[in-house]
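Containing CSV, C-alpha atoms: query.csv.
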chain,number,residue,atom,x,y,z
A,1,MET,CA,0.0,0.0,0.0
A,2,GLN,CA,0.9,3.5,-0.6
A,3,ALA,CA,1.8,5.8,2.2
A,4,ASP,CA,-0.3,8.8,1.0
A,5,PRO,CA,-3.1,7.7,-1.4
A,6,GLY,CA,-4.3,11.4,-2.1
A,7,ILE,CA,-1.3,12.4,-4.3
A,8,TYR,CA,-1.1,11.3,-7.9
A,9,ALA,CA,1.7,11.9,-10.3
A,10,PRO,CA,1.0,14.2,-13.2
A,11,LEU,CA,-0.2,12.5,-16.4
A,12,GLN,CA,1.9,12.8,-19.5
A,13,TYR,CA,0.4,14.0,-22.8
A,14,SER,CA,0.9,11.7,-25.7
A,15,GLN,CA,3.3,12.8,-28.5
A,16,PRO,CA,0.5,13.1,-31.2
A,17,TRP,CA,-1.2,15.9,-29.2
A,18,LEU,CA,2.0,17.9,-29.1
A,19,TRP,CA,2.7,17.6,-32.8
A,20,SER,CA,-1.0,18.3,-33.7
A,21,GLY,CA,-0.9,21.5,-31.6
A,22,LEU,CA,2.4,22.7,-33.2
A,23,ALA,CA,1.0,21.9,-36.7
A,24,LEU,CA,-2.2,23.8,-35.9
A,25,LEU,CA,-0.1,26.8,-34.8
A,26,ALA,CA,2.0,26.6,-37.9
A,27,VAL,CA,-1.1,26.6,-40.1
A,28,VAL,CA,-2.6,29.6,-38.3
A,29,LEU,CA,0.7,31.6,-38.7
A,30,GLY,CA,1.0,30.6,-42.3
A,31,TRP,CA,-2.6,31.8,-42.9
A,32,TYR,CA,-1.9,35.2,-41.4
A,33,THR,CA,1.3,35.5,-43.4
A,34,PHE,CA,-0.5,34.6,-46.6
A,35,VAL,CA,-3.3,37.1,-45.9
A,36,PHE,CA,-0.9,39.9,-44.9
A,37,LEU,CA,1.4,39.4,-47.9
A,38,GLY,CA,-1.5,38.8,-50.3
A,39,THR,CA,-3.2,42.1,-49.6
A,40,ARG,CA,-0.1,44.3,-49.9
A,41,LYS,CA,0.4,46.2,-53.1
A,42,PRO,CA,3.2,44.9,-55.2
A,43,ARG,CA,6.2,47.0,-55.4
A,44,VAL,CA,6.8,48.4,-58.9
A,45,PRO,CA,10.4,49.3,-59.5
A,46,GLU,CA,10.7,52.9,-60.5
A,47,GLN,CA,11.3,53.3,-64.2
A,48,ALA,CA,12.8,56.1,-66.1
A,49,PRO,CA,10.1,58.4,-67.5
A,50,ARG,CA,9.1,57.3,-70.9
A,51,PHE,CA,9.8,59.7,-73.8
A,52,THR,CA,6.6,61.1,-75.2
A,53,PRO,CA,6.9,62.9,-78.4
A,54,ARG,CA,5.7,66.4,-78.6
A,55,PRO,CA,2.2,66.5,-80.0
A,56,ASP,CA,1.5,68.2,-83.4
A,57,LEU,CA,0.5,71.5,-81.9
A,58,ALA,CA,-0.7,73.0,-85.1
A,59,GLY,CA,-2.8,70.0,-85.9
A,60,LEU,CA,-4.3,69.9,-82.4
A,61,LYS,CA,-5.1,73.6,-82.6
A,62,GLU,CA,-6.9,73.2,-85.9
A,63,ALA,CA,-8.9,70.2,-84.6
A,64,TYR,CA,-10.0,71.9,-81.5
A,65,LEU,CA,-10.9,75.2,-83.3
A,66,GLN,CA,-13.1,73.1,-85.6
A,67,ARG,CA,-14.7,71.5,-82.5
A,68,ILE,CA,-15.4,74.9,-81.0
A,69,ASP,CA,-17.0,76.0,-84.3
A,70,ALA,CA,-19.1,72.9,-84.3
A,71,VAL,CA,-20.4,73.6,-80.8
A,72,THR,CA,-21.2,77.2,-81.8
A,73,ALA,CA,-23.1,75.9,-84.9
A,74,ASN,CA,-25.0,73.4,-82.8
A,75,ALA,CA,-26.0,76.1,-80.3
A,76,ALA,CA,-27.2,78.3,-83.1
A,77,ALA,CA,-29.2,75.5,-84.7
A,78,GLY,CA,-30.8,74.8,-81.3
A,79,LEU,CA,-29.3,71.3,-80.9
A,80,LEU,CA,-27.6,72.4,-77.7
A,81,THR,CA,-29.0,74.6,-75.0
A,82,ALA,CA,-26.9,77.6,-74.0
A,83,ARG,CA,-25.7,76.0,-70.8
A,84,GLU,CA,-24.8,72.7,-72.6
A,85,SER,CA,-22.8,74.8,-75.1
A,86,HIS,CA,-20.9,76.6,-72.4
A,87,GLN,CA,-20.1,73.3,-70.6
A,88,GLU,CA,-19.0,71.8,-73.9
A,89,LEU,CA,-16.7,74.7,-74.7
A,90,SER,CA,-15.1,74.5,-71.2
A,91,LEU,CA,-14.6,70.8,-71.7
A,92,LEU,CA,-13.0,71.4,-75.1
A,93,VAL,CA,-10.5,73.9,-73.6
A,94,ARG,CA,-9.6,71.5,-70.8
A,95,ARG,CA,-9.2,68.5,-73.2
A,96,PHE,CA,-7.0,70.6,-75.4
A,97,ALA,CA,-4.8,71.4,-72.4
A,98,ARG,CA,-4.6,67.6,-71.6
A,99,ALA,CA,-3.7,66.8,-75.2
A,100,VAL,CA,-0.9,69.2,-75.2
A,101,THR,CA,0.5,68.9,-71.7
A,102,GLY,CA,-0.7,65.6,-70.4
A,103,ILE,CA,-2.1,67.3,-67.3
A,104,ASP,CA,-5.6,65.9,-66.5
A,105,ALA,CA,-7.3,69.3,-66.7
A,106,PRO,CA,-10.8,68.0,-67.4
A,107,ARG,CA,-11.0,66.7,-63.9
A,108,MET,CA,-9.7,69.8,-62.2
A,109,THR,CA,-11.6,72.6,-60.4
A,110,LEU,CA,-10.9,76.2,-61.3
A,111,ALA,CA,-8.7,76.6,-58.2
A,112,GLU,CA,-6.7,73.5,-59.2
A,113,LEU,CA,-6.2,74.9,-62.7
A,114,HIS,CA,-4.9,78.2,-61.3
A,115,GLY,CA,-2.4,76.1,-59.2
A,116,HIS,CA,-0.9,74.5,-62.3
A,117,PRO,CA,1.1,76.2,-65.0
A,118,LEU,CA,-1.9,76.5,-67.3
A,119,PRO,CA,-2.7,80.3,-67.2
A,120,PRO,CA,-4.5,80.5,-70.6
A,121,VAL,CA,-6.7,77.5,-69.7
A,122,ALA,CA,-7.5,78.7,-66.2
A,123,GLU,CA,-8.4,82.2,-67.5
A,124,ALA,CA,-10.6,80.8,-70.3
A,125,VAL,CA,-12.4,78.5,-67.9
A,126,ARG,CA,-12.9,81.4,-65.5
A,127,ARG,CA,-14.5,83.4,-68.2
A,128,ILE,CA,-16.8,80.5,-69.3
A,129,TYR,CA,-17.9,79.6,-65.8
A,130,PRO,CA,-20.8,82.1,-65.6
A,131,GLY,CA,-22.3,80.4,-68.7
A,132,GLU,CA,-21.8,77.0,-67.1
A,133,PHE,CA,-23.0,77.6,-63.6
A,134,GLY,CA,-24.5,81.1,-63.5
A,135,LEU,CA,-28.1,82.2,-63.2
A,136,GLU,CA,-30.2,83.0,-66.2
A,137,PRO,CA,-29.8,85.0,-68.4
A,138,LEU,CA,-26.6,83.3,-69.5
A,139,PRO,CA,-23.8,85.1,-71.5
A,140,PRO,CA,-23.9,84.6,-75.2
A,141,VAL,CA,-22.4,81.4,-76.5
A,142,ALA,CA,-20.5,83.3,-79.1
A,143,GLN,CA,-18.7,85.2,-76.3
A,144,SER,CA,-17.6,81.9,-74.6
A,145,ALA,CA,-16.6,80.4,-78.0
A,146,GLU,CA,-14.4,83.4,-78.7
A,147,THR,CA,-12.8,82.9,-75.2
A,148,ALA,CA,-12.2,79.3,-76.0
A,149,ARG,CA,-10.7,80.1,-79.4
A,150,GLN,CA,-8.3,82.7,-77.8
A,151,ALA,CA,-7.1,80.1,-75.3
A,152,VAL,CA,-6.4,77.6,-78.1
A,153,TRP,CA,-4.8,80.2,-80.4
A,154,GLN,CA,-2.5,81.7,-77.7
A,155,TRP,CA,-1.1,78.3,-76.7
A,156,ASN,CA,2.7,78.1,-77.5
Just dump the structure as structure tokens.
Amino acid sequence: MQADPGIYAPLQYSQPWLWSGLALLAVVLGWYTFVFLGTRKPRVPEQAPRFTPRPDLAGLKEAYLQRIDAVTANAAAGLLTARESHQELSLLVRRFARAVTGIDAPRMTLAELHGHPLPPVAEAVRRIYPGEFGLEPLPPVAQSAETARQAVWQWN
């Protein structure tokens, strides 16, 4: 008989439970690593800026002047309202600036345009703004068209 029957020696865990626990821990750590690395943006090595040839400025000017004339003709024919005509003229000036410089001018506010080195575009858009957003009566479409033409003509 044992001297003290109330004390028992600790039971040992079997080896499969130890290895199962370590394997489960490794799977969880692997999953977190996979999720963390899988959601990071890939690093793109910096490349030298690509050479973009200078656009044919004379051809662009001619094309945009024709578009401005088309908007004026559509407004005179009643195909466009005065407000739509002003908005289209402003968009044409902005698209011309993007075609020449690559700056995304069609998405910029007037304040952002003034912050970029686009003075003729910013000034033209400022003059066309009352026709785009102002109260009735709107300025004449011919006046805004002339402002747009001047912005295109004056571009160097």
Practice task
Find the spatial neighbours of A:Arg95, counting only C-alpha atoms, within a cut-off of 12 Å - ignore same-chain residues fewer than 5 positions away - and output them as an MDAnalysis selection string.
Solution key: chainID A and resid 60:61 63:64 67:68 88:90 100:108 121 125 148 151:152
Practice task
Just give me the gap between atom CA of A:Arg98 and atom CA of A:Glu112 in Å, one decimal is fine.
Solution key: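 For atom CA of A:Arg98 relative to atom CA of A:Glu112, the distance reads 13.9 Å.
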Exercise for the section: State, in Å with one decimal place, the distance from atom CA of A:Ala77 to atom CA of A:Arg126. Expected result: 25.9 Å
Exercise for the section: For atom CA of A:Tyr129 and atom CA of A:Thr147, quote the distance in Å rounded to one decimal. Expected result: 11.2 Å
Handout entry: Given all atoms listed in the file as the counted atoms, nearest of A:Glu62, A:Ala97, A:Pro16, A:Glu136 to A:Pro117
Key =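 Result for the nearest residue to A:Pro117: A:Ala97.
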Problem - Residue with smallest distance to A:Leu92 - pool A:Leu65, A:Leu138, A:Leu11, A:Ala76, counting all atoms listed in the file - result: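 Smallest separation from A:Leu92 among the options: A:Leu65.
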Problem - Distance criterion (all atoms listed in the file): nearest to A:Ser144 out of A:Thr72, A:Thr109, A:Ser20, A:Thr81 - result: A:Thr72
Take stretch 26-76 of chain A from the block and save it with N, CA and C atoms, as a PDB file, in the first residue's frame.
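So the final result, stored in result_10.pdb, reads:
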ATOM      1  N   ALA A  26       1.340  26.307 -36.687  1.00  0.00           N
ATOM      2  CA  ALA A  26       2.035  26.625 -37.937  1.00  0.00           C
ATOM      3  C   ALA A  26       1.041  26.974 -39.036  1.00  0.00           C
ATOM      4  N   VAL A  27      -0.096  26.269 -39.105  1.00  0.00           N
ATOM      5  CA  VAL A  27      -1.108  26.562 -40.118  1.00  0.00           C
ATOM      6  C   VAL A  27      -1.696  27.955 -39.888  1.00  0.00           C
ATOM      7  N   VAL A  28      -1.993  28.306 -38.641  1.00  0.00           N
ATOM      8  CA  VAL A  28      -2.559  29.625 -38.336  1.00  0.00           C
ATOM      9  C   VAL A  28      -1.561  30.722 -38.686  1.00  0.00           C
ATOM     10  N   LEU A  29      -0.298  30.566 -38.318  1.00  0.00           N
ATOM     11  CA  LEU A  29       0.718  31.569 -38.658  1.00  0.00           C
ATOM     12  C   LEU A  29       0.904  31.669 -40.169  1.00  0.00           C
ATOM     13  N   GLY A  30       0.867  30.548 -40.856  1.00  0.00           N
ATOM     14  CA  GLY A  30       0.967  30.561 -42.312  1.00  0.00           C
ATOM     15  C   GLY A  30      -0.195  31.286 -42.955  1.00  0.00           C
ATOM     16  N   TRP A  31      -1.404  31.087 -42.419  1.00  0.00           N
ATOM     17  CA  TRP A  31      -2.582  31.765 -42.948  1.00  0.00           C
ATOM     18  C   TRP A  31      -2.466  33.282 -42.776  1.00  0.00           C
ATOM     19  N   TYR A  32      -2.067  33.724 -41.589  1.00  0.00           N
ATOM     20  CA  TYR A  32      -1.912  35.162 -41.367  1.00  0.00           C
ATOM     21  C   TYR A  32      -0.837  35.746 -42.276  1.00  0.00           C
ATOM     22  N   THR A  33       0.232  35.030 -42.481  1.00  0.00           N
ATOM     23  CA  THR A  33       1.294  35.493 -43.376  1.00  0.00           C
ATOM     24  C   THR A  33       0.770  35.598 -44.804  1.00  0.00           C
ATOM     25  N   PHE A  34       0.038  34.580 -45.242  1.00  0.00           N
ATOM     26  CA  PHE A  34      -0.532  34.586 -46.584  1.00  0.00           C
ATOM     27  C   PHE A  34      -1.483  35.765 -46.773  1.00  0.00           C
ATOM     28  N   VAL A  35      -2.356  36.003 -45.816  1.00  0.00           N
ATOM     29  CA  VAL A  35      -3.316  37.099 -45.925  1.00  0.00           C
ATOM     30  C   VAL A  35      -2.596  38.438 -45.913  1.00  0.00           C
ATOM     31  N   PHE A  36      -1.622  38.608 -45.037  1.00  0.00           N
ATOM     32  CA  PHE A  36      -0.901  39.882 -44.940  1.00  0.00           C
ATOM     33  C   PHE A  36      -0.130  40.161 -46.227  1.00  0.00           C
ATOM     34  N   LEU A  37       0.595  39.178 -46.726  1.00  0.00           N
ATOM     35  CA  LEU A  37       1.377  39.407 -47.934  1.00  0.00           C
ATOM     36  C   LEU A  37       0.513  39.448 -49.187  1.00  0.00           C
ATOM     37  N   GLY A  38      -0.614  38.771 -49.163  1.00  0.00           N
ATOM     38  CA  GLY A  38      -1.489  38.757 -50.324  1.00  0.00           C
ATOM     39  C   GLY A  38      -2.272  40.043 -50.508  1.00  0.00           C
ATOM     40  N   THR A  39      -2.418  40.840 -49.464  1.00  0.00           N
ATOM     41  CA  THR A  39      -3.184  42.078 -49.583  1.00  0.00           C
ATOM     42  C   THR A  39      -2.304  43.309 -49.738  1.00  0.00           C
ATOM     43  N   ARG A  40      -1.025  43.152 -49.733  1.00  0.00           N
ATOM     44  CA  ARG A  40      -0.126  44.295 -49.931  1.00  0.00           C
ATOM     45  C   ARG A  40      -0.006  44.600 -51.410  1.00  0.00           C
ATOM     46  N   LYS A  41       0.171  45.856 -51.717  1.00  0.00           N
ATOM     47  CA  LYS A  41       0.357  46.246 -53.107  1.00  0.00           C
ATOM     48  C   LYS A  41       1.752  45.799 -53.547  1.00  0.00           C
ATOM     49  N   PRO A  42       1.851  45.265 -54.745  1.00  0.00           N
ATOM     50  CA  PRO A  42       3.168  44.851 -55.210  1.00  0.00           C
ATOM     51  C   PRO A  42       4.045  46.068 -55.464  1.00  0.00           C
ATOM     52  N   ARG A  43       5.278  45.920 -55.179  1.00  0.00           N
ATOM     53  CA  ARG A  43       6.215  47.014 -55.417  1.00  0.00           C
ATOM     54  C   ARG A  43       6.580  47.040 -56.886  1.00  0.00           C
ATOM     55  N   VAL A  44       6.444  48.207 -57.463  1.00  0.00           N
ATOM     56  CA  VAL A  44       6.799  48.383 -58.861  1.00  0.00           C
ATOM     57  C   VAL A  44       8.104  49.156 -58.885  1.00  0.00           C
ATOM     58  N   PRO A  45       9.114  48.592 -59.502  1.00  0.00           N
ATOM     59  CA  PRO A  45      10.377  49.331 -59.548  1.00  0.00           C
ATOM     60  C   PRO A  45      10.211  50.611 -60.344  1.00  0.00           C
ATOM     61  N   GLU A  46      10.842  51.654 -59.851  1.00  0.00           N
ATOM     62  CA  GLU A  46      10.739  52.939 -60.527  1.00  0.00           C
ATOM     63  C   GLU A  46      11.433  52.851 -61.876  1.00  0.00           C
ATOM     64  N   GLN A  47      10.724  53.316 -62.875  1.00  0.00           N
ATOM     65  CA  GLN A  47      11.268  53.292 -64.221  1.00  0.00           C
ATOM     66  C   GLN A  47      11.576  54.712 -64.651  1.00  0.00           C
ATOM     67  N   ALA A  48      12.468  54.802 -65.559  1.00  0.00           N
ATOM     68  CA  ALA A  48      12.764  56.110 -66.114  1.00  0.00           C
ATOM     69  C   ALA A  48      11.537  56.614 -66.859  1.00  0.00           C
ATOM     70  N   PRO A  49      11.261  57.899 -66.788  1.00  0.00           N
ATOM     71  CA  PRO A  49      10.081  58.405 -67.497  1.00  0.00           C
ATOM     72  C   PRO A  49      10.194  58.104 -68.981  1.00  0.00           C
ATOM     73  N   ARG A  50       9.087  57.666 -69.529  1.00  0.00           N
ATOM     74  CA  ARG A  50       9.074  57.344 -70.948  1.00  0.00           C
ATOM     75  C   ARG A  50       9.072  58.624 -71.767  1.00  0.00           C
ATOM     76  N   PHE A  51       9.735  58.551 -72.869  1.00  0.00           N
ATOM     77  CA  PHE A  51       9.766  59.698 -73.768  1.00  0.00           C
ATOM     78  C   PHE A  51       8.457  59.756 -74.522  1.00  0.00           C
ATOM     79  N   THR A  52       7.797  60.868 -74.406  1.00  0.00           N
ATOM     80  CA  THR A  52       6.576  61.057 -75.172  1.00  0.00           C
ATOM     81  C   THR A  52       6.849  62.148 -76.201  1.00  0.00           C
ATOM     82  N   PRO A  53       6.623  61.851 -77.433  1.00  0.00           N
ATOM     83  CA  PRO A  53       6.912  62.860 -78.448  1.00  0.00           C
ATOM     84  C   PRO A  53       5.977  64.055 -78.304  1.00  0.00           C
ATOM     85  N   ARG A  54       6.498  65.191 -78.638  1.00  0.00           N
ATOM     86  CA  ARG A  54       5.704  66.422 -78.566  1.00  0.00           C
ATOM     87  C   ARG A  54       4.553  66.316 -79.563  1.00  0.00           C
ATOM     88  N   PRO A  55       3.339  66.628 -79.118  1.00  0.00           N
ATOM     89  CA  PRO A  55       2.203  66.513 -80.037  1.00  0.00           C
ATOM     90  C   PRO A  55       2.290  67.547 -81.158  1.00  0.00           C
ATOM     91  N   ASP A  56       1.617  67.247 -82.241  1.00  0.00           N
ATOM     92  CA  ASP A  56       1.539  68.162 -83.365  1.00  0.00           C
ATOM     93  C   ASP A  56       0.633  69.318 -82.948  1.00  0.00           C
ATOM     94  N   LEU A  57       1.251  70.379 -82.458  1.00  0.00           N
ATOM     95  CA  LEU A  57       0.501  71.490 -81.882  1.00  0.00           C
ATOM     96  C   LEU A  57      -0.390  72.171 -82.920  1.00  0.00           C
ATOM     97  N   ALA A  58       0.117  72.369 -84.111  1.00  0.00           N
ATOM     98  CA  ALA A  58      -0.689  73.035 -85.144  1.00  0.00           C
ATOM     99  C   ALA A  58      -1.908  72.181 -85.498  1.00  0.00           C
ATOM    100  N   GLY A  59      -1.717  70.876 -85.604  1.00  0.00           N
ATOM    101  CA  GLY A  59      -2.835  69.988 -85.914  1.00  0.00           C
ATOM    102  C   GLY A  59      -3.859  69.949 -84.793  1.00  0.00           C
ATOM    103  N   LEU A  60      -3.373  69.934 -83.544  1.00  0.00           N
ATOM    104  CA  LEU A  60      -4.294  69.947 -82.398  1.00  0.00           C
ATOM    105  C   LEU A  60      -5.090  71.245 -82.351  1.00  0.00           C
ATOM    106  N   LYS A  61      -4.402  72.354 -82.589  1.00  0.00           N
ATOM    107  CA  LYS A  61      -5.098  73.645 -82.572  1.00  0.00           C
ATOM    108  C   LYS A  61      -6.211  73.661 -83.619  1.00  0.00           C
ATOM    109  N   GLU A  62      -5.880  73.205 -84.811  1.00  0.00           N
ATOM    110  CA  GLU A  62      -6.869  73.206 -85.889  1.00  0.00           C
ATOM    111  C   GLU A  62      -8.059  72.306 -85.544  1.00  0.00           C
ATOM    112  N   ALA A  63      -7.777  71.128 -84.994  1.00  0.00           N
ATOM    113  CA  ALA A  63      -8.858  70.196 -84.645  1.00  0.00           C
ATOM    114  C   ALA A  63      -9.764  70.782 -83.559  1.00  0.00           C
ATOM    115  N   TYR A  64      -9.176  71.393 -82.552  1.00  0.00           N
ATOM    116  CA  TYR A  64      -9.994  71.947 -81.470  1.00  0.00           C
ATOM    117  C   TYR A  64     -10.725  73.219 -81.894  1.00  0.00           C
ATOM    118  N   LEU A  65     -10.150  73.995 -82.781  1.00  0.00           N
ATOM    119  CA  LEU A  65     -10.870  75.157 -83.288  1.00  0.00           C
ATOM    120  C   LEU A  65     -12.099  74.712 -84.095  1.00  0.00           C
ATOM    121  N   GLN A  66     -11.955  73.625 -84.842  1.00  0.00           N
ATOM    122  CA  GLN A  66     -13.106  73.089 -85.575  1.00  0.00           C
ATOM    123  C   GLN A  66     -14.189  72.588 -84.612  1.00  0.00           C
ATOM    124  N   ARG A  67     -13.774  71.953 -83.528  1.00  0.00           N
ATOM    125  CA  ARG A  67     -14.743  71.474 -82.539  1.00  0.00           C
ATOM    126  C   ARG A  67     -15.479  72.645 -81.875  1.00  0.00           C
ATOM    127  N   ILE A  68     -14.737  73.712 -81.602  1.00  0.00           N
ATOM    128  CA  ILE A  68     -15.372  74.901 -81.013  1.00  0.00           C
ATOM    129  C   ILE A  68     -16.393  75.479 -81.989  1.00  0.00           C
ATOM    130  N   ASP A  69     -16.024  75.539 -83.273  1.00  0.00           N
ATOM    131  CA  ASP A  69     -16.971  76.029 -84.289  1.00  0.00           C
ATOM    132  C   ASP A  69     -18.191  75.124 -84.379  1.00  0.00           C
ATOM    133  N   ALA A  70     -17.996  73.818 -84.224  1.00  0.00           N
ATOM    134  CA  ALA A  70     -19.126  72.878 -84.278  1.00  0.00           C
ATOM    135  C   ALA A  70     -20.078  73.103 -83.108  1.00  0.00           C
ATOM    136  N   VAL A  71     -19.531  73.364 -81.925  1.00  0.00           N
ATOM    137  CA  VAL A  71     -20.385  73.641 -80.764  1.00  0.00           C
ATOM    138  C   VAL A  71     -21.172  74.924 -80.989  1.00  0.00           C
ATOM    139  N   THR A  72     -20.520  75.931 -81.527  1.00  0.00           N
ATOM    140  CA  THR A  72     -21.206  77.195 -81.811  1.00  0.00           C
ATOM    141  C   THR A  72     -22.324  76.990 -82.835  1.00  0.00           C
ATOM    142  N   ALA A  73     -22.050  76.198 -83.862  1.00  0.00           N
ATOM    143  CA  ALA A  73     -23.068  75.925 -84.881  1.00  0.00           C
ATOM    144  C   ALA A  73     -24.233  75.124 -84.291  1.00  0.00           C
ATOM    145  N   ASN A  74     -23.951  74.149 -83.440  1.00  0.00           N
ATOM    146  CA  ASN A  74     -25.012  73.364 -82.806  1.00  0.00           C
ATOM    147  C   ASN A  74     -25.862  74.229 -81.884  1.00  0.00           C
ATOM    148  N   ALA A  75     -25.229  75.167 -81.208  1.00  0.00           N
ATOM    149  CA  ALA A  75     -25.992  76.065 -80.335  1.00  0.00           C
ATOM    150  C   ALA A  75     -26.889  76.976 -81.165  1.00  0.00           C
ATOM    151  N   ALA A  76     -26.365  77.471 -82.289  1.00  0.00           N
ATOM    152  CA  ALA A  76     -27.157  78.348 -83.149  1.00  0.00           C
ATOM    153  C   ALA A  76     -28.323  77.591 -83.789  1.00  0.00           C
TER     154      ALA A  76
END
